file run.txt (compact mmCIF, C-alpha atoms (C1' of nucleotides))
# COMPACT_ATOMS: atom_id res chain seq x y z
CA MET T 1 29.71 -50.21 21.99
CA PRO T 2 33.06 -48.49 22.44
CA ARG T 3 33.56 -45.01 21.12
CA SER T 4 35.37 -44.69 17.84
CA TRP T 5 37.05 -41.42 18.83
CA LYS T 6 39.40 -40.23 21.54
CA SER T 7 39.31 -36.74 23.00
CA PRO T 8 42.41 -34.80 23.97
CA PHE T 9 40.07 -32.24 25.52
CA LYS T 10 38.39 -34.25 28.24
CA THR T 11 40.40 -32.42 30.84
CA PHE T 12 38.15 -29.37 30.63
CA GLY T 13 35.88 -28.74 33.57
CA HIS T 14 32.39 -30.03 34.05
CA CYS T 15 30.24 -29.66 30.98
CA GLY T 16 27.83 -32.57 31.08
CA ARG T 17 28.74 -35.31 28.63
CA TRP T 18 31.68 -35.01 26.31
CA THR T 19 30.40 -35.96 22.89
CA GLN T 20 31.86 -36.27 19.44
CA PRO T 21 30.30 -33.05 18.10
CA ARG T 22 31.65 -31.11 21.07
CA ASP T 23 35.04 -32.63 20.52
CA LEU T 24 35.07 -31.78 16.83
CA VAL T 25 33.96 -28.19 17.37
CA LEU T 26 36.55 -27.58 20.05
CA GLY T 27 39.19 -29.38 18.02
CA PHE T 28 38.58 -27.13 15.07
CA LEU T 29 38.83 -23.94 17.10
CA ALA T 30 41.87 -25.09 19.04
CA GLU T 31 43.76 -26.08 15.93
CA ASN T 32 42.70 -23.19 13.72
CA ARG T 33 43.32 -20.01 15.66
CA GLY T 34 41.19 -17.24 14.29
CA HIS T 35 37.73 -15.72 14.54
CA TRP T 36 35.11 -18.13 13.27
CA SER T 37 31.36 -17.93 12.85
CA ALA T 38 29.02 -20.86 13.51
CA LYS T 39 28.69 -21.33 9.76
CA ASP T 40 32.46 -21.36 9.34
CA VAL T 41 32.68 -24.19 11.85
CA TYR T 42 29.80 -26.02 10.22
CA ALA T 43 31.35 -25.71 6.77
CA SER T 44 34.73 -26.90 8.00
CA LEU T 45 33.29 -30.01 9.63
CA PHE T 46 30.81 -30.82 6.87
CA PRO T 47 33.08 -32.71 4.46
CA ARG T 48 34.06 -35.36 7.01
CA HIS T 49 31.01 -35.08 9.30
CA PRO T 50 27.98 -34.08 7.26
CA GLN T 51 25.58 -35.44 9.87
CA ILE T 52 26.46 -32.78 12.46
CA SER T 53 23.68 -30.24 12.62
CA LEU T 54 24.13 -26.50 12.63
CA ALA T 55 21.97 -26.29 15.76
CA THR T 56 24.49 -28.45 17.59
CA ILE T 57 27.30 -26.19 16.47
CA TYR T 58 25.45 -23.24 17.98
CA ARG T 59 24.74 -25.10 21.20
CA THR T 60 28.34 -26.20 21.50
CA LEU T 61 29.81 -22.78 20.79
CA ASP T 62 27.56 -21.37 23.47
CA LEU T 63 28.52 -24.10 25.93
CA LEU T 64 32.23 -23.63 25.35
CA THR T 65 31.86 -19.88 25.73
CA ARG T 66 30.09 -20.31 29.05
CA MET T 67 32.90 -22.66 30.10
CA GLY T 68 35.43 -19.96 29.26
CA VAL T 69 37.12 -22.10 26.62
CA LEU T 70 35.99 -19.81 23.81
CA ASN T 71 35.60 -16.09 23.55
CA ARG T 72 32.56 -14.67 21.75
CA LEU T 73 32.91 -11.57 19.58
CA ALA T 74 29.75 -9.68 18.62
CA MET T 75 30.17 -8.22 15.14
CA ALA T 76 28.23 -5.30 13.70
CA ASP T 77 26.87 -7.43 10.86
CA GLY T 78 24.94 -9.50 13.39
CA GLN T 79 27.15 -12.58 13.24
CA ASN T 80 28.91 -13.76 16.34
CA ARG T 81 32.43 -15.04 15.96
CA TYR T 82 34.39 -17.27 18.32
CA GLU T 83 38.05 -17.63 19.13
CA PHE T 84 39.91 -20.17 21.23
CA THR T 85 40.80 -18.55 24.54
CA GLY T 86 44.09 -20.39 25.07
CA GLY T 87 46.29 -20.24 28.12
CA PRO T 88 46.99 -17.02 30.07
CA ALA T 89 50.09 -16.33 27.99
CA GLU T 90 48.44 -16.21 24.61
CA ASN T 91 45.15 -15.10 26.08
CA HIS T 92 45.83 -11.41 26.13
CA HIS T 93 45.34 -9.70 22.82
CA HIS T 94 43.02 -7.25 21.15
CA HIS T 95 41.39 -6.80 17.78
CA LEU T 96 41.78 -4.64 14.75
CA ILE T 97 38.59 -4.68 12.69
CA CYS T 98 38.53 -3.32 9.16
CA THR T 99 35.44 -1.16 8.72
CA ARG T 100 35.43 -1.83 4.99
CA CYS T 101 35.90 -5.60 4.58
CA GLY T 102 35.32 -6.83 8.14
CA ARG T 103 38.70 -8.52 8.42
CA ILE T 104 39.81 -9.14 12.00
CA MET T 105 43.47 -9.02 13.02
CA ASP T 106 44.97 -9.66 16.45
CA THR T 107 47.41 -7.36 18.18
CA THR T 108 49.49 -7.83 21.31
CA ASP T 109 51.21 -4.46 21.33
CA PHE T 110 51.75 -2.70 24.64
CA VAL T 111 50.13 -5.49 26.59
CA ASP T 112 52.19 -4.81 29.70
CA GLU T 113 51.33 -1.13 29.82
CA GLU T 114 47.74 -1.93 29.00
CA VAL T 115 47.39 -4.50 31.77
CA LYS T 116 48.65 -1.94 34.28
CA LEU T 117 46.19 0.69 33.11
CA ILE T 118 43.30 -1.76 32.98
CA GLN T 119 44.05 -2.73 36.57
CA LEU T 120 43.78 0.90 37.62
CA MET T 121 40.59 1.34 35.64
CA GLU T 122 39.01 -1.78 37.03
CA ASP T 123 39.71 -0.73 40.60
CA ALA T 124 38.27 2.70 39.95
CA ILE T 125 35.20 1.24 38.26
CA LYS T 126 34.57 -1.22 41.05
CA GLU T 127 34.80 1.60 43.57
CA LYS T 128 32.77 4.19 41.68
CA HIS T 129 30.17 2.18 39.79
CA ARG T 130 30.00 -0.87 42.08
CA PHE T 131 30.43 -2.92 38.94
CA VAL T 132 32.41 -6.18 39.31
CA ILE T 133 34.53 -6.68 36.22
CA GLU T 134 35.16 -10.16 34.86
CA GLY T 135 36.90 -9.27 31.61
CA HIS T 136 37.47 -6.62 29.02
CA GLN T 137 37.97 -6.14 25.33
CA MET T 138 39.73 -3.46 23.31
CA THR T 139 38.79 -3.06 19.69
CA PHE T 140 40.39 -0.78 17.14
CA TYR T 141 38.46 0.14 14.01
CA GLY T 142 40.05 1.28 10.79
CA LEU T 143 41.31 0.15 7.41
CA CYS T 144 43.36 -2.97 6.82
CA PRO T 145 46.31 -2.75 4.41
CA ALA T 146 44.35 -4.13 1.45
CA CYS T 147 41.44 -1.72 1.89
CA GLN T 148 43.64 1.37 2.22
CA GLN T 149 44.51 1.03 -1.46
CA GLU T 150 40.97 0.72 -2.67
CA ARG T 151 39.31 3.56 -0.83
CA PRO T 152 39.49 6.96 -2.51
CA GLY T 153 41.59 9.58 -0.62
CA MET H 1 4.26 23.15 0.08
CA PRO H 2 6.38 24.52 2.91
CA ARG H 3 7.70 22.12 5.49
CA SER H 4 5.86 22.01 8.78
CA TRP H 5 9.01 21.33 10.80
CA LYS H 6 12.30 23.05 11.48
CA SER H 7 15.54 21.19 11.99
CA PRO H 8 18.17 22.25 14.50
CA PHE H 9 20.42 19.61 12.95
CA LYS H 10 20.77 20.87 9.41
CA THR H 11 24.31 21.88 10.13
CA PHE H 12 25.55 18.30 9.83
CA GLY H 13 27.60 17.46 6.77
CA HIS H 14 26.33 16.16 3.49
CA CYS H 15 23.82 13.36 3.83
CA GLY H 16 21.50 13.72 0.85
CA ARG H 17 18.17 15.25 1.81
CA TRP H 18 17.33 16.19 5.36
CA THR H 19 13.89 14.77 6.01
CA GLN H 20 11.48 14.70 8.90
CA PRO H 21 12.12 11.05 9.83
CA ARG H 22 15.85 11.70 9.90
CA ASP H 23 15.31 14.73 12.03
CA LEU H 24 13.12 12.88 14.47
CA VAL H 25 15.52 9.95 14.81
CA LEU H 26 18.49 12.19 15.39
CA GLY H 27 16.47 14.40 17.71
CA PHE H 28 15.58 11.44 19.85
CA LEU H 29 19.16 10.20 20.16
CA ALA H 30 20.57 13.67 20.77
CA GLU H 31 18.08 14.44 23.51
CA ASN H 32 18.04 11.03 25.15
CA ARG H 33 21.62 10.02 25.78
CA GLY H 34 21.88 6.29 26.13
CA HIS H 35 22.22 3.12 24.10
CA TRP H 36 19.12 2.55 22.00
CA SER H 37 18.05 -0.20 19.63
CA ALA H 38 16.13 0.45 16.41
CA LYS H 39 12.99 -0.80 18.13
CA ASP H 40 13.55 1.54 21.05
CA VAL H 41 13.66 4.46 18.64
CA TYR H 42 10.62 3.19 16.77
CA ALA H 43 8.62 2.79 19.98
CA SER H 44 9.59 6.23 21.24
CA LEU H 45 8.48 7.93 18.02
CA PHE H 46 5.35 5.87 17.48
CA PRO H 47 2.91 7.76 19.73
CA ARG H 48 3.37 11.08 17.91
CA HIS H 49 4.53 9.71 14.54
CA PRO H 50 2.94 6.33 13.91
CA GLN H 51 3.47 6.59 10.16
CA ILE H 52 7.26 6.33 10.39
CA SER H 53 8.32 2.87 9.33
CA LEU H 54 10.78 0.65 11.13
CA ALA H 55 12.71 0.26 7.88
CA THR H 56 13.28 4.00 7.80
CA ILE H 57 14.56 3.92 11.37
CA TYR H 58 17.10 1.29 10.35
CA ARG H 59 18.10 3.22 7.25
CA THR H 60 18.50 6.43 9.22
CA LEU H 61 20.49 4.87 12.05
CA ASP H 62 22.84 3.41 9.49
CA LEU H 63 23.16 6.74 7.67
CA LEU H 64 23.90 8.67 10.85
CA THR H 65 26.45 6.06 11.87
CA ARG H 66 28.22 6.37 8.52
CA MET H 67 28.18 10.15 8.99
CA GLY H 68 29.85 9.74 12.38
CA VAL H 69 26.94 11.32 14.23
CA LEU H 70 26.05 8.06 15.94
CA ASN H 71 28.12 5.25 17.30
CA ARG H 72 26.96 1.66 16.70
CA LEU H 73 27.43 -0.94 19.43
CA ALA H 74 27.20 -4.61 18.43
CA MET H 75 25.67 -6.59 21.28
CA ALA H 76 26.06 -10.31 21.84
CA ASP H 77 22.29 -10.86 21.64
CA GLY H 78 22.35 -9.79 18.00
CA GLN H 79 20.81 -6.37 18.48
CA ASN H 80 22.73 -3.28 17.51
CA ARG H 81 22.44 -0.28 19.76
CA TYR H 82 23.22 3.33 18.94
CA GLU H 83 24.44 6.27 20.96
CA PHE H 84 24.83 9.93 20.09
CA THR H 85 28.50 10.65 19.47
CA GLY H 86 28.49 14.20 20.80
CA GLY H 87 31.33 16.66 20.71
CA PRO H 88 34.98 15.73 21.40
CA ALA H 89 34.60 16.55 25.09
CA GLU H 90 31.79 14.16 25.89
CA ASN H 91 32.82 11.81 23.13
CA HIS H 92 35.36 9.82 25.05
CA HIS H 93 33.91 7.13 27.26
CA HIS H 94 33.73 3.37 27.47
CA HIS H 95 31.19 0.76 28.38
CA LEU H 96 30.46 -1.59 31.22
CA ILE H 97 28.18 -4.40 30.07
CA CYS H 98 26.47 -6.67 32.56
CA THR H 99 26.81 -10.26 31.37
CA ARG H 100 23.68 -11.23 33.23
CA CYS H 101 21.05 -8.58 32.41
CA GLY H 102 22.68 -6.78 29.48
CA ARG H 103 22.61 -3.38 31.14
CA ILE H 104 25.09 -0.90 29.65
CA MET H 105 26.78 1.75 31.77
CA ASP H 106 29.21 4.44 30.64
CA THR H 107 32.52 5.15 32.29
CA THR H 108 34.99 7.98 31.84
CA ASP H 109 37.57 6.86 34.37
CA PHE H 110 41.25 7.34 33.57
CA VAL H 111 40.49 8.88 30.20
CA ASP H 112 43.68 10.94 30.17
CA GLU H 113 45.95 8.01 30.88
CA GLU H 114 44.01 5.90 28.44
CA VAL H 115 44.27 8.44 25.64
CA LYS H 116 48.03 8.52 26.09
CA LEU H 117 48.33 4.75 25.96
CA ILE H 118 45.99 4.45 23.01
CA GLN H 119 48.12 6.94 21.12
CA LEU H 120 51.18 4.76 21.70
CA MET H 121 49.28 1.66 20.68
CA GLU H 122 47.90 3.24 17.55
CA ASP H 123 51.32 4.35 16.40
CA ALA H 124 52.76 0.89 17.03
CA ILE H 125 49.86 -0.77 15.23
CA LYS H 126 50.14 1.50 12.23
CA GLU H 127 53.84 0.73 12.03
CA LYS H 128 53.66 -3.00 12.63
CA HIS H 129 50.37 -4.08 11.08
CA ARG H 130 50.03 -1.32 8.47
CA PHE H 131 46.53 -0.85 9.82
CA VAL H 132 45.18 2.73 9.81
CA ILE H 133 43.11 3.27 12.92
CA GLU H 134 40.02 5.47 12.85
CA GLY H 135 38.64 4.75 16.30
CA HIS H 136 38.57 2.38 19.20
CA GLN H 137 36.30 0.98 21.84
CA MET H 138 36.97 -0.44 25.29
CA THR H 139 34.37 -2.68 26.82
CA PHE H 140 34.36 -4.14 30.31
CA TYR H 141 32.21 -7.18 31.04
CA GLY H 142 30.98 -8.15 34.47
CA LEU H 143 28.10 -7.85 36.89
CA CYS H 144 26.16 -4.69 37.54
CA PRO H 145 25.25 -3.86 41.16
CA ALA H 146 21.73 -5.30 40.90
CA CYS H 147 22.92 -8.61 39.45
CA GLN H 148 25.65 -9.14 42.02
CA GLN H 149 22.97 -9.77 44.61
CA GLU H 150 21.07 -12.31 42.62
CA ARG H 151 23.88 -14.52 41.42
CA PRO H 152 24.89 -17.29 43.81
CA GLY H 153 28.39 -17.55 45.25
C1' DT K 1 4.93 25.73 -9.70
C1' DT K 2 7.23 22.23 -12.00
C1' DT K 3 10.63 18.85 -12.23
C1' DT K 4 13.95 15.56 -10.81
C1' DT K 5 15.23 12.18 -8.01
C1' DA K 6 16.14 10.74 -3.28
C1' DA K 7 13.60 8.98 0.59
C1' DT K 8 9.68 6.76 2.49
C1' DG K 9 6.06 3.20 3.96
C1' DA K 10 4.39 -1.27 3.80
C1' DG K 11 5.31 -5.58 3.76
C1' DA K 12 8.00 -9.46 1.86
C1' DA K 13 12.45 -11.60 2.09
C1' DT K 14 16.78 -12.83 4.24
C1' DC K 15 19.95 -14.23 7.60
C1' DA K 16 21.53 -15.59 12.20
C1' DT K 17 20.03 -17.85 16.03
C1' DT K 18 16.90 -20.50 19.12
C1' DA K 19 13.19 -23.79 20.20
C1' DT K 20 10.80 -28.22 19.56
C1' DT K 21 10.60 -33.04 19.47
C1' DA K 22 11.43 -37.62 18.29
C1' DT K 23 15.59 -40.31 18.22
C1' DT K 24 20.27 -41.49 19.36
C1' DT K 25 24.33 -41.58 22.61
C1' DT K 26 26.75 -41.33 26.59
C1' DA K 27 28.23 -43.04 30.88
C1' DG K 28 27.22 -45.48 34.67
C1' DT K 29 25.46 -50.10 36.37
C1' DT K 30 24.75 -54.95 36.07
C1' DA N 1 28.98 -57.08 26.94
C1' DA N 2 24.20 -55.78 27.71
C1' DC N 3 20.82 -52.52 30.24
C1' DT N 4 19.13 -48.19 31.54
C1' DA N 5 18.15 -43.26 32.55
C1' DA N 6 19.31 -38.97 31.31
C1' DA N 7 21.62 -35.90 28.28
C1' DA N 8 22.65 -34.63 23.62
C1' DT N 9 21.61 -34.78 18.85
C1' DA N 10 19.50 -34.12 14.04
C1' DA N 11 16.07 -32.22 11.52
C1' DT N 12 13.34 -28.74 10.96
C1' DA N 13 10.10 -25.17 12.41
C1' DA N 14 9.96 -20.77 14.64
C1' DT N 15 11.71 -16.41 15.99
C1' DG N 16 13.74 -11.95 15.77
C1' DA N 17 16.69 -8.48 13.80
C1' DT N 18 17.73 -6.43 9.69
C1' DT N 19 17.52 -5.59 4.68
C1' DC N 20 15.22 -5.42 0.27
C1' DT N 21 11.52 -4.25 -3.19
C1' DC N 22 8.70 -1.21 -5.29
C1' DA N 23 4.95 1.90 -5.74
C1' DT N 24 4.25 6.44 -3.68
C1' DT N 25 5.67 10.79 -1.53
C1' DA N 26 8.38 14.73 -0.60
C1' DA N 27 12.81 17.57 -0.73
C1' DA N 28 15.51 20.72 -3.24
C1' DA N 29 16.50 22.97 -7.38
C1' DA N 30 14.94 25.33 -11.61
call {"tool": "encode", "arguments": {"input": "run.txt", "output": "structure tokens"}}
result
Amino acid sequence: MPRSWKSPFKTFGHCGRWTQPRDLVLGFLAENRGHWSAKDVYASLFPRHPQISLATIYRTLDLLTRMGVLNRLAMADGQNRYEFTGGPAENHHHHLICTRCGRIMDTTDFVDEEVKLIQLMEDAIKEKHRFVIEGHQMTFYGLCPACQQERPG
Amino acid sequence: MPRSWKSPFKTFGHCGRWTQPRDLVLGFLAENRGHWSAKDVYASLFPRHPQISLATIYRTLDLLTRMGVLNRLAMADGQNRYEFTGGPAENHHHHLICTRCGRIMDTTDFVDEEVKLIQLMEDAIKEKHRFVIEGHQMTFYGLCPACQQERPG
DNA sequence: TTTTTAATGAGAATCATTATTATTTTAGTT
DNA sequence: AACTAAAATAATAATGATTCTCATTAAAAA
């Protein structure tokens, strides 16, 4: 029986079989840039695809992360969140996390300067700690605009 | 009844009542610099203080984090880890996390340059995103020396 | 010492994630 | 298009970290 769906994402590297659930999960994350939990993805797919199981969402998010297509963010509340990695151009950004409401914002400020410094740091770390670096993350913690109002001085 | 223990940590700011479990938890983290999970702390205290409950460890780690005495690290495996914040001098470091075995190493390379850049970034972020920054974290992911040997190619 | 009330211990409950297993699909082959 | 072997899935149980509940204990103040 022929498939009833077409994938625009089959060009990704080897990942076993490309199935409809995998396609839907990746499609959601590629088309909705942001930082999504497994439950977010599940809830977004549920109306049109109620048969897809939460376990499959987890498996797929893990697979796509291992493939480098998604980026996993460990949050202090114990939920992981995932974001579409994108091409090299849009790839490089960092996060602002509100310590009050948990909101995550992206920032791309001073990327050029940062890339230069990171390069220096990575070389030094490789030399000194014999640690081979594959990636890095910068996270700023503080208060988002909405929460600044609500917290007493 | 007089207390049977003396705290060297009573100088910390307001935190309600300073109790023996709180003292023991803080004592452990202050004297054993590293990145410890709640269970690590529980296991370390158990031999001499088996009556202290895991729930109290969690409550205390959270309290000390909110006080700024500890720093909470969210790990991808869903476990939080805690480190003693220390004074301003030793305060500033970042983490190397091995993506294979989970080992965490500290690094203090290029702190001066990094502090300068971070200051620029924070100002820009405050201006542009109206986000008030209280702290930041840099994390490098890669392979620790031991795991470089074991991973093929 | 008495009193007030925050903090604790024990264990149940919750929440995110992973494992199990029978069934369904994919993708390659006729 | 049908056949087949292996991979992936759905459903649900199991796990593991963390939080909650509540009766009891202990800290700090009077």
call {"tool": "closest_atom_pairs", "arguments": {"input": "run.txt", "of": "region 56-132 of chain T", "to": "region 132-139 of chain H", "cutoff": "12 Å", "atoms": "all atoms listed in the file", "output": "JSON lines"}}
result
{"residue": "T:Leu73", "atom": "CA", "partner": "H:Thr139", "partner_atom": "CA", "distance": 11.6}
{"residue": "T:Ala74", "atom": "CA", "partner": "H:Thr139", "partner_atom": "CA", "distance": 11.7}
{"residue": "T:His94", "atom": "CA", "partner": "H:Met138", "partner_atom": "CA", "distance": 10.0}
{"residue": "T:His95", "atom": "CA", "partner": "H:His136", "partner_atom": "CA", "distance": 9.7}
{"residue": "T:Leu96", "atom": "CA", "partner": "H:Ile133", "partner_atom": "CA", "distance": 8.2}
{"residue": "T:Ile97", "atom": "CA", "partner": "H:Ile133", "partner_atom": "CA", "distance": 9.1}
{"residue": "T:Cys98", "atom": "CA", "partner": "H:Ile133", "partner_atom": "CA", "distance": 8.9}
{"residue": "T:Thr99", "atom": "CA", "partner": "H:Glu134", "partner_atom": "CA", "distance": 9.1}
{"residue": "T:Arg100", "atom": "CA", "partner": "H:Glu134", "partner_atom": "CA", "distance": 11.7}
{"residue": "T:Glu114", "atom": "CA", "partner": "H:Met138", "partner_atom": "CA", "distance": 11.5}
{"residue": "T:Ile118", "atom": "CA", "partner": "H:Met138", "partner_atom": "CA", "distance": 10.0}
{"residue": "T:Met121", "atom": "CA", "partner": "H:Met138", "partner_atom": "CA", "distance": 11.1}
{"residue": "T:Glu122", "atom": "CA", "partner": "H:Thr139", "partner_atom": "CA", "distance": 11.3}
call {"tool": "write_last_selection", "arguments": {"input": "run.txt", "atoms": "C-alpha atoms", "output": "PDB file, in the coordinates of the input"}}
result
ATOM      1  CA  LEU T  73      32.910 -11.570  19.580  1.00  0.00           C
ATOM      2  CA  ALA T  74      29.750  -9.680  18.620  1.00  0.00           C
ATOM      3  CA  HIS T  94      43.020  -7.250  21.150  1.00  0.00           C
ATOM      4  CA  HIS T  95      41.390  -6.800  17.780  1.00  0.00           C
ATOM      5  CA  LEU T  96      41.780  -4.640  14.750  1.00  0.00           C
ATOM      6  CA  ILE T  97      38.590  -4.680  12.690  1.00  0.00           C
ATOM      7  CA  CYS T  98      38.530  -3.320   9.160  1.00  0.00           C
ATOM      8  CA  THR T  99      35.440  -1.160   8.720  1.00  0.00           C
ATOM      9  CA  ARG T 100      35.430  -1.830   4.990  1.00  0.00           C
ATOM     10  CA  GLU T 114      47.740  -1.930  29.000  1.00  0.00           C
ATOM     11  CA  ILE T 118      43.300  -1.760  32.980  1.00  0.00           C
ATOM     12  CA  MET T 121      40.590   1.340  35.640  1.00  0.00           C
ATOM     13  CA  GLU T 122      39.010  -1.780  37.030  1.00  0.00           C
TER      14      GLU T 122
END
call {"tool": "interface_residues", "arguments": {"input": "run.txt", "of": "chain H", "to": "chain K", "cutoff": "10 Å", "atoms": "all atoms listed in the file", "output": "list of chain:residue names"}}
result
H:Gly16, H:Arg17, H:Trp18, H:Thr19, H:Pro21, H:Arg22, H:Gln51, H:Ile52, H:Ser53, H:Leu54, H:Ala55, H:Thr56, H:Arg59, H:Asp77, H:Gly78
call {"tool": "interface_residues", "arguments": {"input": "run.txt", "of": "chain N", "to": "chain H", "cutoff": "8 Å", "atoms": "all atoms listed in the file", "output": "PDB file with C-alpha atoms (C1' of nucleotides), keeping the file's coordinate frame"}}
result
ATOM      1  C1'  DA N  17      16.690  -8.480  13.800  1.00  0.00           C
ATOM      2  C1'  DT N  18      17.730  -6.430   9.690  1.00  0.00           C
ATOM      3  C1'  DA N  27      12.810  17.570  -0.730  1.00  0.00           C
ATOM      4  C1'  DA N  28      15.510  20.720  -3.240  1.00  0.00           C
TER       5       DA N  28
END
call {"tool": "residues_around", "arguments": {"input": "run.txt", "residues": "region 27-33 of chain T", "least_positions_apart": "5", "cutoff": "8 Å", "atoms": "all atoms listed in the file", "output": "PDB file with C-alpha atoms, in the coordinates of the input"}}
result
ATOM      1  CA  VAL T  41      32.680 -24.190  11.850  1.00  0.00           C
ATOM      2  CA  GLU T  83      38.050 -17.630  19.130  1.00  0.00           C
ATOM      3  CA  PHE T  84      39.910 -20.170  21.230  1.00  0.00           C
ATOM      4  CA  GLY T  86      44.090 -20.390  25.070  1.00  0.00           C
TER       5      GLY T  86
END
call {"tool": "atom_distance", "arguments": {"input": "run.txt", "atom1": "CA of Asn71 (chain H)", "atom2": "CA of Thr85 (chain H)"}}
result
5.8 Å
call {"tool": "decode", "arguments": {"input": "run.txt", "residues": "region 101-145 of chain H", "atoms": "C-alpha atoms", "output": "PDB file, in the first residue's frame"}}
result
ATOM      1  CA  CYS H 101      29.757   9.463  30.688  1.00  0.00           C
ATOM      2  CA  GLY H 102      28.244  12.619  32.170  1.00  0.00           C
ATOM      3  CA  ARG H 103      31.401  13.648  33.991  1.00  0.00           C
ATOM      4  CA  ILE H 104      31.508  17.343  34.904  1.00  0.00           C
ATOM      5  CA  MET H 105      34.754  19.283  34.993  1.00  0.00           C
ATOM      6  CA  ASP H 106      35.278  22.926  35.948  1.00  0.00           C
ATOM      7  CA  THR H 107      37.219  25.401  33.886  1.00  0.00           C
ATOM      8  CA  THR H 108      38.399  28.924  34.653  1.00  0.00           C
ATOM      9  CA  ASP H 109      40.125  29.646  31.365  1.00  0.00           C
ATOM     10  CA  PHE H 110      39.857  33.127  29.887  1.00  0.00           C
ATOM     11  CA  VAL H 111      37.712  34.366  32.742  1.00  0.00           C
ATOM     12  CA  ASP H 112      38.901  37.951  32.379  1.00  0.00           C
ATOM     13  CA  GLU H 113      38.125  38.160  28.688  1.00  0.00           C
ATOM     14  CA  GLU H 114      34.858  36.381  29.261  1.00  0.00           C
ATOM     15  CA  VAL H 115      33.757  38.733  32.024  1.00  0.00           C
ATOM     16  CA  LYS H 116      34.368  41.681  29.720  1.00  0.00           C
ATOM     17  CA  LEU H 117      32.356  40.165  26.900  1.00  0.00           C
ATOM     18  CA  ILE H 118      29.553  39.090  29.203  1.00  0.00           C
ATOM     19  CA  GLN H 119      29.302  42.640  30.490  1.00  0.00           C
ATOM     20  CA  LEU H 120      28.835  43.893  26.930  1.00  0.00           C
ATOM     21  CA  MET H 121      26.285  41.198  26.216  1.00  0.00           C
ATOM     22  CA  GLU H 122      24.339  41.869  29.370  1.00  0.00           C
ATOM     23  CA  ASP H 123      24.089  45.565  28.624  1.00  0.00           C
ATOM     24  CA  ALA H 124      22.933  44.867  25.078  1.00  0.00           C
ATOM     25  CA  ILE H 125      20.400  42.310  26.271  1.00  0.00           C
ATOM     26  CA  LYS H 126      18.996  44.617  28.910  1.00  0.00           C
ATOM     27  CA  GLU H 127      18.612  47.329  26.290  1.00  0.00           C
ATOM     28  CA  LYS H 128      17.206  45.195  23.492  1.00  0.00           C
ATOM     29  CA  HIS H 129      15.166  42.513  25.236  1.00  0.00           C
ATOM     30  CA  ARG H 130      14.319  44.421  28.425  1.00  0.00           C
ATOM     31  CA  PHE H 131      15.549  41.357  30.269  1.00  0.00           C
ATOM     32  CA  VAL H 132      17.302  41.977  33.605  1.00  0.00           C
ATOM     33  CA  ILE H 133      20.143  39.523  33.978  1.00  0.00           C
ATOM     34  CA  GLU H 134      21.054  38.090  37.373  1.00  0.00           C
ATOM     35  CA  GLY H 135      23.581  35.485  36.312  1.00  0.00           C
ATOM     36  CA  HIS H 136      24.861  33.329  33.519  1.00  0.00           C
ATOM     37  CA  GLN H 137      26.301  29.940  32.799  1.00  0.00           C
ATOM     38  CA  MET H 138      28.571  28.662  30.056  1.00  0.00           C
ATOM     39  CA  THR H 139      28.624  24.970  29.359  1.00  0.00           C
ATOM     40  CA  PHE H 140      30.866  23.107  26.958  1.00  0.00           C
ATOM     41  CA  TYR H 141      29.840  19.661  25.745  1.00  0.00           C
ATOM     42  CA  GLY H 142      32.230  17.065  24.424  1.00  0.00           C
ATOM     43  CA  LEU H 143      34.328  14.066  25.363  1.00  0.00           C
ATOM     44  CA  CYS H 144      36.403  13.789  28.492  1.00  0.00           C
ATOM     45  CA  PRO H 145      39.890  12.247  28.199  1.00  0.00           C
TER      46      PRO H 145
END
